[in-house]
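Shown here: target-v3.csv, CSV, N, CA and C atoms.
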```csv
chain,number,residue,atom,x,y,z
A,1,MET,N,0.9,-1.2,0.0
A,1,MET,CA,0.0,0.0,0.0
A,1,MET,C,0.9,1.2,0.0
A,2,THR,N,0.8,2.1,-1.0
A,2,THR,CA,1.6,3.3,-1.1
A,2,THR,C,0.7,4.4,-0.7
A,3,GLY,N,0.9,4.9,0.5
A,3,GLY,CA,0.0,6.0,1.0
A,3,GLY,C,-1.3,5.5,1.5
A,4,PRO,N,-2.1,6.3,2.2
A,4,PRO,CA,-3.3,5.9,2.7
A,4,PRO,C,-4.4,5.6,1.6
A,5,VAL,N,-5.1,4.5,1.8
A,5,VAL,CA,-6.2,4.2,0.9
A,5,VAL,C,-7.5,4.8,1.6
A,6,VAL,N,-8.3,5.4,0.8
A,6,VAL,CA,-9.5,6.0,1.3
A,6,VAL,C,-10.7,5.2,0.8
A,7,ILE,N,-11.6,4.9,1.7
A,7,ILE,CA,-12.8,4.2,1.3
A,7,ILE,C,-14.0,5.1,1.8
A,8,GLU,N,-14.9,5.4,1.0
A,8,GLU,CA,-16.0,6.3,1.3
A,8,GLU,C,-17.3,5.7,0.9
A,9,GLY,N,-18.3,5.9,1.7
A,9,GLY,CA,-19.6,5.4,1.3
A,9,GLY,C,-20.6,5.7,2.4
A,10,VAL,N,-21.8,5.1,2.2
A,10,VAL,CA,-22.9,5.3,3.1
A,10,VAL,C,-22.9,4.1,4.1
A,11,VAL,N,-23.0,4.4,5.4
A,11,VAL,CA,-22.9,3.4,6.4
A,11,VAL,C,-24.2,2.5,6.4
A,12,GLU,N,-23.9,1.2,6.4
A,12,GLU,CA,-24.9,0.2,6.3
A,12,GLU,C,-25.1,-0.5,7.6
A,13,HIS,N,-26.2,-1.1,7.8
A,13,HIS,CA,-26.5,-2.0,9.0
A,13,HIS,C,-25.6,-3.2,8.9
A,14,GLY,N,-25.0,-3.7,10.0
A,14,GLY,CA,-24.3,-4.9,10.0
A,14,GLY,C,-25.0,-5.9,10.9
A,15,ARG,N,-24.3,-6.8,11.5
A,15,ARG,CA,-24.9,-7.9,12.3
A,15,ARG,C,-24.9,-7.5,13.8
A,16,LYS,N,-24.4,-6.3,14.1
A,16,LYS,CA,-24.3,-5.7,15.5
A,16,LYS,C,-23.4,-6.5,16.4
A,17,LEU,N,-22.5,-7.3,15.8
A,17,LEU,CA,-21.6,-8.1,16.7
A,17,LEU,C,-20.5,-7.1,17.3
A,18,GLY,N,-20.1,-6.1,16.6
A,18,GLY,CA,-19.1,-5.2,17.1
A,18,GLY,C,-19.7,-4.5,18.4
A,19,ARG,N,-20.9,-4.2,18.4
A,19,ARG,CA,-21.5,-3.5,19.5
A,19,ARG,C,-21.5,-4.5,20.7
A,20,GLU,N,-21.9,-5.8,20.4
A,20,GLU,CA,-21.9,-6.8,21.5
A,20,GLU,C,-20.5,-7.0,22.1
A,21,LEU,N,-19.5,-6.8,21.3
A,21,LEU,CA,-18.1,-7.0,21.7
A,21,LEU,C,-17.5,-5.7,22.4
A,22,GLY,N,-18.3,-4.7,22.4
A,22,GLY,CA,-17.9,-3.4,23.0
A,22,GLY,C,-17.1,-2.5,22.0
A,23,PHE,N,-17.2,-2.9,20.8
A,23,PHE,CA,-16.5,-2.1,19.7
A,23,PHE,C,-17.5,-1.9,18.6
A,24,PRO,N,-18.5,-1.0,18.8
A,24,PRO,CA,-19.5,-0.7,17.7
A,24,PRO,C,-18.8,-0.2,16.4
A,25,THR,N,-19.2,-0.7,15.3
A,25,THR,CA,-18.5,-0.3,14.0
A,25,THR,C,-19.5,0.3,13.1
A,26,ALA,N,-18.9,1.2,12.2
A,26,ALA,CA,-19.6,1.7,11.0
A,26,ALA,C,-19.2,0.8,9.9
A,27,ASN,N,-20.2,0.3,9.2
A,27,ASN,CA,-20.0,-0.7,8.1
A,27,ASN,C,-20.1,-0.1,6.7
A,28,LEU,N,-19.1,-0.2,5.9
A,28,LEU,CA,-19.2,0.2,4.5
A,28,LEU,C,-18.9,-0.9,3.6
A,29,PRO,N,-19.5,-1.0,2.4
A,29,PRO,CA,-19.2,-2.0,1.5
A,29,PRO,C,-17.8,-1.7,0.9
A,30,ALA,N,-17.0,-2.8,0.7
A,30,ALA,CA,-15.7,-2.6,0.1
A,30,ALA,C,-15.4,-3.7,-0.9
A,31,GLY,N,-15.8,-3.5,-2.1
A,31,GLY,CA,-15.6,-4.5,-3.1
A,31,GLY,C,-14.1,-4.5,-3.5
A,32,ALA,N,-13.9,-5.1,-4.7
A,32,ALA,CA,-12.6,-5.3,-5.2
A,32,ALA,C,-11.9,-4.0,-5.5
A,33,ASP,N,-12.6,-2.9,-5.6
A,33,ASP,CA,-12.0,-1.6,-5.9
A,33,ASP,C,-11.2,-1.0,-4.7
A,34,ALA,N,-11.4,-1.6,-3.5
A,34,ALA,CA,-10.7,-1.2,-2.3
A,34,ALA,C,-9.3,-1.9,-2.4
A,35,THR,N,-8.3,-1.2,-2.8
A,35,THR,CA,-7.0,-1.7,-3.2
A,35,THR,C,-6.1,-2.2,-2.0
A,36,ALA,N,-6.5,-1.9,-0.8
A,36,ALA,CA,-5.7,-2.3,0.4
A,36,ALA,C,-5.8,-3.8,0.6
A,37,GLU,N,-4.8,-4.4,1.2
A,37,GLU,CA,-4.9,-5.8,1.6
A,37,GLU,C,-5.9,-6.0,2.8
A,38,ASP,N,-6.5,-7.1,2.9
A,38,ASP,CA,-7.4,-7.4,4.0
A,38,ASP,C,-6.5,-7.4,5.3
A,39,GLY,N,-7.1,-6.9,6.4
A,39,GLY,CA,-6.4,-6.8,7.7
A,39,GLY,C,-7.0,-5.7,8.6
A,40,VAL,N,-6.3,-5.5,9.7
A,40,VAL,CA,-6.7,-4.5,10.7
A,40,VAL,C,-5.8,-3.3,10.5
A,41,TYR,N,-6.4,-2.2,10.6
A,41,TYR,CA,-5.6,-0.9,10.3
A,41,TYR,C,-5.9,0.1,11.4
A,42,ALA,N,-4.8,0.9,11.6
A,42,ALA,CA,-5.0,2.2,12.3
A,42,ALA,C,-5.6,3.1,11.2
A,43,SER,N,-6.6,3.8,11.6
A,43,SER,CA,-7.3,4.6,10.5
A,43,SER,C,-7.8,5.9,11.1
A,44,GLU,N,-8.4,6.6,10.2
A,44,GLU,CA,-9.0,7.9,10.5
A,44,GLU,C,-10.3,8.0,9.8
A,45,ALA,N,-11.3,8.4,10.6
A,45,ALA,CA,-12.7,8.5,10.0
A,45,ALA,C,-13.1,9.9,10.1
A,46,GLU,N,-13.8,10.3,9.0
A,46,GLU,CA,-14.3,11.7,8.9
A,46,GLU,C,-15.8,11.7,8.9
A,47,VAL,N,-16.4,12.4,9.9
A,47,VAL,CA,-17.8,12.5,10.1
A,47,VAL,C,-18.2,13.9,10.1
A,48,ASP,N,-19.0,14.4,9.2
A,48,ASP,CA,-19.4,15.8,9.1
A,48,ASP,C,-18.2,16.8,9.2
A,49,GLY,N,-17.1,16.4,8.5
A,49,GLY,CA,-15.9,17.3,8.5
A,49,GLY,C,-15.0,17.2,9.7
A,50,VAL,N,-15.4,16.4,10.7
A,50,VAL,CA,-14.6,16.2,11.9
A,50,VAL,C,-13.8,14.9,11.7
A,51,ARG,N,-12.5,14.9,12.0
A,51,ARG,CA,-11.7,13.6,11.9
A,51,ARG,C,-11.5,13.0,13.3
A,52,TYR,N,-11.7,11.7,13.3
A,52,TYR,CA,-11.5,10.9,14.5
A,52,TYR,C,-10.5,9.8,14.3
A,53,ARG,N,-9.7,9.5,15.3
A,53,ARG,CA,-8.9,8.3,15.3
A,53,ARG,C,-9.8,7.1,15.3
A,54,ALA,N,-9.3,6.0,14.6
A,54,ALA,CA,-10.2,4.9,14.5
A,54,ALA,C,-9.4,3.6,14.3
A,55,MET,N,-10.0,2.5,14.3
A,55,MET,CA,-9.4,1.2,13.9
A,55,MET,C,-10.4,0.5,13.0
A,56,SER,N,-9.9,0.0,11.9
A,56,SER,CA,-10.7,-0.6,10.9
A,56,SER,C,-10.3,-2.0,10.5
A,57,ASN,N,-11.3,-2.8,10.2
A,57,ASN,CA,-11.0,-4.2,9.7
A,57,ASN,C,-11.6,-4.2,8.2
A,58,LEU,N,-10.7,-4.5,7.3
A,58,LEU,CA,-11.0,-4.7,5.9
A,58,LEU,C,-11.0,-6.2,5.6
A,59,GLY,N,-12.1,-6.8,5.2
A,59,GLY,CA,-12.1,-8.2,4.9
A,59,GLY,C,-13.5,-8.8,5.1
A,60,SER,N,-13.5,-10.1,5.3
A,60,SER,CA,-14.8,-10.8,5.3
A,60,SER,C,-15.2,-11.3,6.7
A,61,ASN,N,-14.5,-11.0,7.8
A,61,ASN,CA,-14.8,-11.5,9.1
A,61,ASN,C,-14.9,-13.0,9.3
A,62,PRO,N,-13.8,-13.7,9.0
A,62,PRO,CA,-13.9,-15.2,9.1
A,62,PRO,C,-14.2,-15.8,10.4
A,63,SER,N,-14.0,-15.0,11.5
A,63,SER,CA,-14.3,-15.6,12.8
A,63,SER,C,-15.8,-15.7,13.1
A,64,VAL,N,-16.6,-14.9,12.4
A,64,VAL,CA,-18.0,-15.0,12.6
A,64,VAL,C,-18.8,-15.4,11.3
A,65,GLY,N,-18.1,-16.1,10.5
A,65,GLY,CA,-18.8,-16.7,9.3
A,65,GLY,C,-19.1,-15.7,8.2
A,66,GLY,N,-18.4,-14.5,8.2
A,66,GLY,CA,-18.6,-13.5,7.2
A,66,GLY,C,-18.2,-14.0,5.8
A,67,ARG,N,-18.8,-13.4,4.8
A,67,ARG,CA,-18.4,-13.8,3.4
A,67,ARG,C,-18.1,-12.6,2.5
A,68,GLU,N,-18.9,-11.5,2.7
A,68,GLU,CA,-18.9,-10.3,1.9
A,68,GLU,C,-17.7,-9.4,2.4
A,69,ARG,N,-16.9,-8.9,1.5
A,69,ARG,CA,-15.8,-8.0,1.8
A,69,ARG,C,-16.4,-6.7,2.2
A,70,ARG,N,-16.0,-6.2,3.4
A,70,ARG,CA,-16.5,-4.9,3.9
A,70,ARG,C,-15.5,-4.2,4.8
A,71,LEU,N,-15.7,-3.0,5.0
A,71,LEU,CA,-14.8,-2.2,5.9
A,71,LEU,C,-15.7,-1.9,7.2
A,72,GLU,N,-15.2,-2.4,8.3
A,72,GLU,CA,-15.8,-2.1,9.6
A,72,GLU,C,-14.9,-1.2,10.4
A,73,THR,N,-15.4,0.0,10.8
A,73,THR,CA,-14.6,0.9,11.5
A,73,THR,C,-15.1,1.3,12.9
A,74,HIS,N,-14.3,1.1,13.9
A,74,HIS,CA,-14.6,1.5,15.2
A,74,HIS,C,-14.0,2.9,15.4
A,75,ILE,N,-14.8,3.9,15.7
A,75,ILE,CA,-14.3,5.3,15.8
A,75,ILE,C,-14.2,5.6,17.3
A,76,PHE,N,-12.9,6.0,17.7
A,76,PHE,CA,-12.6,6.3,19.0
A,76,PHE,C,-13.2,7.7,19.4
A,77,GLY,N,-14.0,7.7,20.5
A,77,GLY,CA,-14.6,8.9,21.0
A,77,GLY,C,-15.8,9.4,20.3
A,78,PHE,N,-16.4,8.6,19.4
A,78,PHE,CA,-17.6,9.0,18.7
A,78,PHE,C,-18.8,8.3,19.3
A,79,ASP,N,-19.8,9.0,19.6
A,79,ASP,CA,-21.0,8.4,20.1
A,79,ASP,C,-22.2,8.9,19.4
A,80,GLY,N,-22.9,8.1,18.7
A,80,GLY,CA,-24.0,8.5,17.9
A,80,GLY,C,-24.3,7.5,16.8
A,81,SER,N,-25.4,7.7,16.1
A,81,SER,CA,-25.7,6.8,15.0
A,81,SER,C,-25.2,7.4,13.6
A,82,LEU,N,-24.6,6.5,12.8
A,82,LEU,CA,-24.1,6.8,11.5
A,82,LEU,C,-24.9,6.2,10.4
A,83,TYR,N,-25.9,5.4,10.7
A,83,TYR,CA,-26.6,4.6,9.7
A,83,TYR,C,-27.2,5.6,8.6
A,84,GLY,N,-26.9,5.3,7.4
A,84,GLY,CA,-27.4,6.1,6.3
A,84,GLY,C,-26.6,7.4,6.0
A,85,ARG,N,-25.6,7.6,6.8
A,85,ARG,CA,-24.8,8.8,6.6
A,85,ARG,C,-23.5,8.5,5.9
A,86,ARG,N,-22.9,9.5,5.2
A,86,ARG,CA,-21.7,9.3,4.4
A,86,ARG,C,-20.5,9.3,5.4
A,87,LEU,N,-19.6,8.4,5.2
A,87,LEU,CA,-18.4,8.3,6.0
A,87,LEU,C,-17.2,8.1,5.1
A,88,ARG,N,-16.1,8.8,5.5
A,88,ARG,CA,-14.9,8.7,4.7
A,88,ARG,C,-13.8,8.1,5.7
A,89,VAL,N,-13.2,7.0,5.3
A,89,VAL,CA,-12.2,6.4,6.2
A,89,VAL,C,-10.9,6.3,5.4
A,90,ARG,N,-9.8,6.7,6.1
A,90,ARG,CA,-8.4,6.6,5.6
A,90,ARG,C,-7.7,5.5,6.3
A,91,LEU,N,-7.3,4.5,5.6
A,91,LEU,CA,-6.5,3.4,6.2
A,91,LEU,C,-5.0,3.9,6.3
A,92,LEU,N,-4.5,4.1,7.5
A,92,LEU,CA,-3.2,4.7,7.6
A,92,LEU,C,-2.1,3.7,7.7
A,93,ARG,N,-2.3,2.7,8.5
A,93,ARG,CA,-1.2,1.7,8.7
A,93,ARG,C,-1.8,0.3,9.1
A,94,LYS,N,-1.4,-0.7,8.4
A,94,LYS,CA,-1.8,-2.0,8.7
A,94,LYS,C,-1.1,-2.5,10.0
A,95,ILE,N,-1.9,-3.0,10.9
A,95,ILE,CA,-1.3,-3.5,12.2
A,95,ILE,C,-1.3,-5.0,12.3
A,96,ARG,N,-2.1,-5.7,11.5
A,96,ARG,CA,-2.1,-7.2,11.5
A,96,ARG,C,-3.0,-7.7,10.4
A,97,ASP,N,-2.8,-9.0,10.1
A,97,ASP,CA,-3.7,-9.6,9.1
A,97,ASP,C,-5.0,-10.0,9.7
A,98,GLU,N,-6.0,-10.1,8.9
A,98,GLU,CA,-7.3,-10.6,9.4
A,98,GLU,C,-7.1,-12.1,9.6
A,99,ARG,N,-7.7,-12.6,10.7
A,99,ARG,CA,-7.6,-14.1,10.9
A,99,ARG,C,-8.8,-14.6,11.7
A,100,ARG,N,-8.9,-15.9,11.7
A,100,ARG,CA,-10.0,-16.5,12.4
A,100,ARG,C,-9.6,-16.8,13.8
A,101,PHE,N,-10.5,-16.4,14.7
A,101,PHE,CA,-10.3,-16.7,16.2
A,101,PHE,C,-11.2,-17.9,16.6
A,102,GLY,N,-10.7,-18.5,17.7
A,102,GLY,CA,-11.4,-19.7,18.1
A,102,GLY,C,-12.7,-19.4,18.9
A,103,SER,N,-12.8,-18.2,19.4
A,103,SER,CA,-14.0,-17.8,20.2
A,103,SER,C,-14.2,-16.3,20.1
A,104,VAL,N,-15.4,-15.9,20.5
A,104,VAL,CA,-15.7,-14.5,20.5
A,104,VAL,C,-14.9,-13.8,21.6
A,105,GLU,N,-14.6,-14.6,22.7
A,105,GLU,CA,-13.7,-14.0,23.8
A,105,GLU,C,-12.3,-13.7,23.2
A,106,GLU,N,-11.8,-14.6,22.4
A,106,GLU,CA,-10.4,-14.4,21.9
A,106,GLU,C,-10.4,-13.2,21.0
A,107,LEU,N,-11.5,-13.1,20.2
A,107,LEU,CA,-11.6,-11.9,19.3
A,107,LEU,C,-11.7,-10.6,20.1
A,108,ARG,N,-12.5,-10.6,21.1
A,108,ARG,CA,-12.6,-9.4,22.0
A,108,ARG,C,-11.3,-9.0,22.6
A,109,ALA,N,-10.5,-10.0,23.1
A,109,ALA,CA,-9.2,-9.7,23.7
A,109,ALA,C,-8.3,-9.2,22.7
A,110,GLN,N,-8.3,-9.7,21.4
A,110,GLN,CA,-7.4,-9.2,20.4
A,110,GLN,C,-7.8,-7.7,20.0
A,111,LEU,N,-9.1,-7.4,20.0
A,111,LEU,CA,-9.5,-6.1,19.6
A,111,LEU,C,-9.0,-5.1,20.7
A,112,GLU,N,-9.1,-5.5,22.0
A,112,GLU,CA,-8.5,-4.6,23.0
A,112,GLU,C,-7.0,-4.4,22.8
A,113,LYS,N,-6.3,-5.4,22.4
A,113,LYS,CA,-4.8,-5.2,22.1
A,113,LYS,C,-4.6,-4.3,20.9
A,114,ASP,N,-5.4,-4.5,19.9
A,114,ASP,CA,-5.3,-3.7,18.7
A,114,ASP,C,-5.6,-2.2,19.0
A,115,LYS,N,-6.6,-2.0,19.8
A,115,LYS,CA,-7.0,-0.6,20.2
A,115,LYS,C,-5.8,0.0,21.0
A,116,GLU,N,-5.3,-0.7,22.0
A,116,GLU,CA,-4.2,-0.2,22.8
A,116,GLU,C,-3.0,0.1,21.9
A,117,ARG,N,-2.7,-0.8,21.0
A,117,ARG,CA,-1.5,-0.6,20.1
A,117,ARG,C,-1.7,0.7,19.2
A,118,ILE,N,-2.9,0.9,18.7
A,118,ILE,CA,-3.1,2.0,17.9
A,118,ILE,C,-3.1,3.3,18.7
A,119,LEU,N,-3.7,3.4,19.8
A,119,LEU,CA,-3.7,4.6,20.6
A,119,LEU,C,-2.3,4.9,21.2
A,120,LYS,N,-1.5,3.9,21.4
A,120,LYS,CA,-0.1,4.2,22.0
A,120,LYS,C,0.8,4.7,20.9
A,121,SER,N,0.6,4.3,19.6
A,121,SER,CA,1.5,4.6,18.6
A,121,SER,C,1.4,5.9,17.9
A,122,GLU,N,0.3,6.6,18.2
A,122,GLU,CA,0.1,7.9,17.4
A,122,GLU,C,0.1,9.1,18.3
```
Have the structure of the file written as structure tokens, please.
Amino acid sequence: MTGPVVIEGVVEHGRKLGRELGFPTANLPAGADATAEDGVYASEAEVDGVRYRAMSNLGSNPSVGGRERRLETHIFGFDGSLYGRRLRVRLLRKIRDERRFGSVEELRAQLEKDKERILKSE
């Protein structure tokens, strides 16, 4: 990836698993035109002209039986509904590959580590 990849679109409803894990996400479709590799990224999300630090997963969510490629972004410090609103996400730095976890608890623990790593590094 040379420079940040930007994915922009209208936020769709997902399966609400992120919310259950304590990491609510804004979901955007990300077809083959999203040139970044699948994985977890330190990212930046822009909502109504305001930029927020974020973490994003680009891929198909193999741990929970996902199939469709999408971008799921957890926005740090944002509280509110984004459904049906336009969102612009810049993928800044890949921090790990997307992978399958043995349980929802393992996935939640990894998300906590990912968040800590992103917030410490910037």
In range 19-81 of chain A, what's strand (DSSP E or B) per DSSP? Answer as number ranges by chain? A: 26-29, 39-47, 50-59, 70-75
Closest-contact table, range 52-95 of chain A side, partner range 4-26 of chain A, 8 Å, counting only N, CA and C atoms, as CSV:
```
residue,atom,partner,partner_atom,distance
A:Leu71,C,A:Ala26,C,5.2
A:Glu72,CA,A:Ala26,C,4.5
A:Thr73,C,A:Ala26,N,3.9
A:His74,N,A:Thr25,CA,4.4
A:Ile75,N,A:Pro24,C,5.8
A:Leu82,C,A:Val11,CA,5.3
A:Tyr83,CA,A:Val11,C,4.6
A:Gly84,N,A:Val11,C,4.0
A:Arg85,C,A:Val11,N,4.2
A:Arg86,CA,A:Gly9,C,4.3
A:Leu87,N,A:Gly9,C,4.0
A:Arg88,CA,A:Glu8,CA,4.3
A:Val89,C,A:Ile7,N,4.0
A:Arg90,CA,A:Val5,C,4.5
A:Leu91,N,A:Val5,C,4.0
A:Leu92,CA,A:Pro4,CA,5.0
A:Arg93,N,A:Pro4,CA,6.7
```
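Shortest atom-to-atom contact with Leu28 in chain A among A:Leu119, A:Arg99, A:Gln110, A:Arg70: A:Arg70, counting all atoms listed in the file.
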Could you work out how far CA of Met55 in chain A lies from atom N of Asp79 in chain A, giving the answer in Å with one decimal?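 Answer for the atom N of Asp79 in chain A to CA of Met55 in chain A separation: 14.2 Å.
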From a DSSP pass on the backbone, collect the residues of chain A flagged as helix (DSSP H, G or I) and hand them back as a count of residues only. 25
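If you look at atom N of Val40 in chain A and atom N of Asn27 in chain A, they are 15.1 Å away from each other.
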Atomic separation - atom C of Glu106 in chain A relative to atom C of Ala45 in chain A, Å: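 Taking atom C of Ala45 in chain A as the start and atom C of Glu106 in chain A as the end point, the length is 25.7 Å.
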Pick out the closest residue to Glu98 in chain A from this set: A:Ala36, A:Val50, A:Ala30, A:Leu58. Count all atoms listed in the file. A:Leu58
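Between Tyr41 in chain A and the candidates A:Ser103, A:Glu68, A:Ala109, A:Ile118, the tightest atom-to-atom separation, counting only N, CA and C atoms, involves A:Ile118.
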Residue completion, range 72-88 of chain A, N, CA, C and O atoms, as an mmCIF file, in the coordinates of the input:
```
data_model
loop_
_atom_site.group_PDB
_atom_site.id
_atom_site.type_symbol
_atom_site.label_atom_id
_atom_site.label_comp_id
_atom_site.auth_asym_id
_atom_site.auth_seq_id
_atom_site.Cartn_x
_atom_site.Cartn_y
_atom_site.Cartn_z
ATOM 1 N N GLU A 72 -15.200 -2.400 8.300
ATOM 2 C CA GLU A 72 -15.800 -2.100 9.600
ATOM 3 C C GLU A 72 -14.900 -1.200 10.400
ATOM 4 O O GLU A 72 -13.748 -1.570 10.630
ATOM 5 N N THR A 73 -15.400 0.000 10.800
ATOM 6 C CA THR A 73 -14.600 0.900 11.500
ATOM 7 C C THR A 73 -15.100 1.300 12.900
ATOM 8 O O THR A 73 -16.284 1.679 12.968
ATOM 9 N N HIS A 74 -14.300 1.100 13.900
ATOM 10 C CA HIS A 74 -14.600 1.500 15.200
ATOM 11 C C HIS A 74 -14.000 2.900 15.400
ATOM 12 O O HIS A 74 -12.767 3.063 15.296
ATOM 13 N N ILE A 75 -14.800 3.900 15.700
ATOM 14 C CA ILE A 75 -14.300 5.300 15.800
ATOM 15 C C ILE A 75 -14.200 5.600 17.300
ATOM 16 O O ILE A 75 -15.116 5.630 18.047
ATOM 17 N N PHE A 76 -12.900 6.000 17.700
ATOM 18 C CA PHE A 76 -12.600 6.300 19.000
ATOM 19 C C PHE A 76 -13.200 7.700 19.400
ATOM 20 O O PHE A 76 -13.082 8.631 18.682
ATOM 21 N N GLY A 77 -14.000 7.700 20.500
ATOM 22 C CA GLY A 77 -14.600 8.900 21.000
ATOM 23 C C GLY A 77 -15.800 9.400 20.300
ATOM 24 O O GLY A 77 -16.252 10.541 20.512
ATOM 25 N N PHE A 78 -16.400 8.600 19.400
ATOM 26 C CA PHE A 78 -17.600 9.000 18.700
ATOM 27 C C PHE A 78 -18.800 8.300 19.300
ATOM 28 O O PHE A 78 -18.728 7.058 19.476
ATOM 29 N N ASP A 79 -19.800 9.000 19.600
ATOM 30 C CA ASP A 79 -21.000 8.400 20.100
ATOM 31 C C ASP A 79 -22.200 8.900 19.400
ATOM 32 O O ASP A 79 -22.457 10.132 19.362
ATOM 33 N N GLY A 80 -22.900 8.100 18.700
ATOM 34 C CA GLY A 80 -24.000 8.500 17.900
ATOM 35 C C GLY A 80 -24.300 7.500 16.800
ATOM 36 O O GLY A 80 -23.506 6.607 16.540
ATOM 37 N N SER A 81 -25.400 7.700 16.100
ATOM 38 C CA SER A 81 -25.700 6.800 15.000
ATOM 39 C C SER A 81 -25.200 7.400 13.600
ATOM 40 O O SER A 81 -25.248 8.557 13.355
ATOM 41 N N LEU A 82 -24.600 6.500 12.800
ATOM 42 C CA LEU A 82 -24.100 6.800 11.500
ATOM 43 C C LEU A 82 -24.900 6.200 10.400
ATOM 44 O O LEU A 82 -24.547 6.377 9.233
ATOM 45 N N TYR A 83 -25.900 5.400 10.700
ATOM 46 C CA TYR A 83 -26.600 4.600 9.700
ATOM 47 C C TYR A 83 -27.200 5.600 8.600
ATOM 48 O O TYR A 83 -27.784 6.618 8.965
ATOM 49 N N GLY A 84 -26.900 5.300 7.400
ATOM 50 C CA GLY A 84 -27.400 6.100 6.300
ATOM 51 C C GLY A 84 -26.600 7.400 6.000
ATOM 52 O O GLY A 84 -26.936 8.117 5.104
ATOM 53 N N ARG A 85 -25.600 7.600 6.800
ATOM 54 C CA ARG A 85 -24.800 8.800 6.600
ATOM 55 C C ARG A 85 -23.500 8.500 5.900
ATOM 56 O O ARG A 85 -23.021 7.341 5.867
ATOM 57 N N ARG A 86 -22.900 9.500 5.200
ATOM 58 C CA ARG A 86 -21.700 9.300 4.400
ATOM 59 C C ARG A 86 -20.500 9.300 5.400
ATOM 60 O O ARG A 86 -20.410 10.165 6.265
ATOM 61 N N LEU A 87 -19.600 8.400 5.200
ATOM 62 C CA LEU A 87 -18.400 8.300 6.000
ATOM 63 C C LEU A 87 -17.200 8.100 5.100
ATOM 64 O O LEU A 87 -17.251 7.394 4.080
ATOM 65 N N ARG A 88 -16.100 8.800 5.500
ATOM 66 C CA ARG A 88 -14.900 8.700 4.700
ATOM 67 C C ARG A 88 -13.800 8.100 5.700
ATOM 68 O O ARG A 88 -13.585 8.698 6.765
#
```
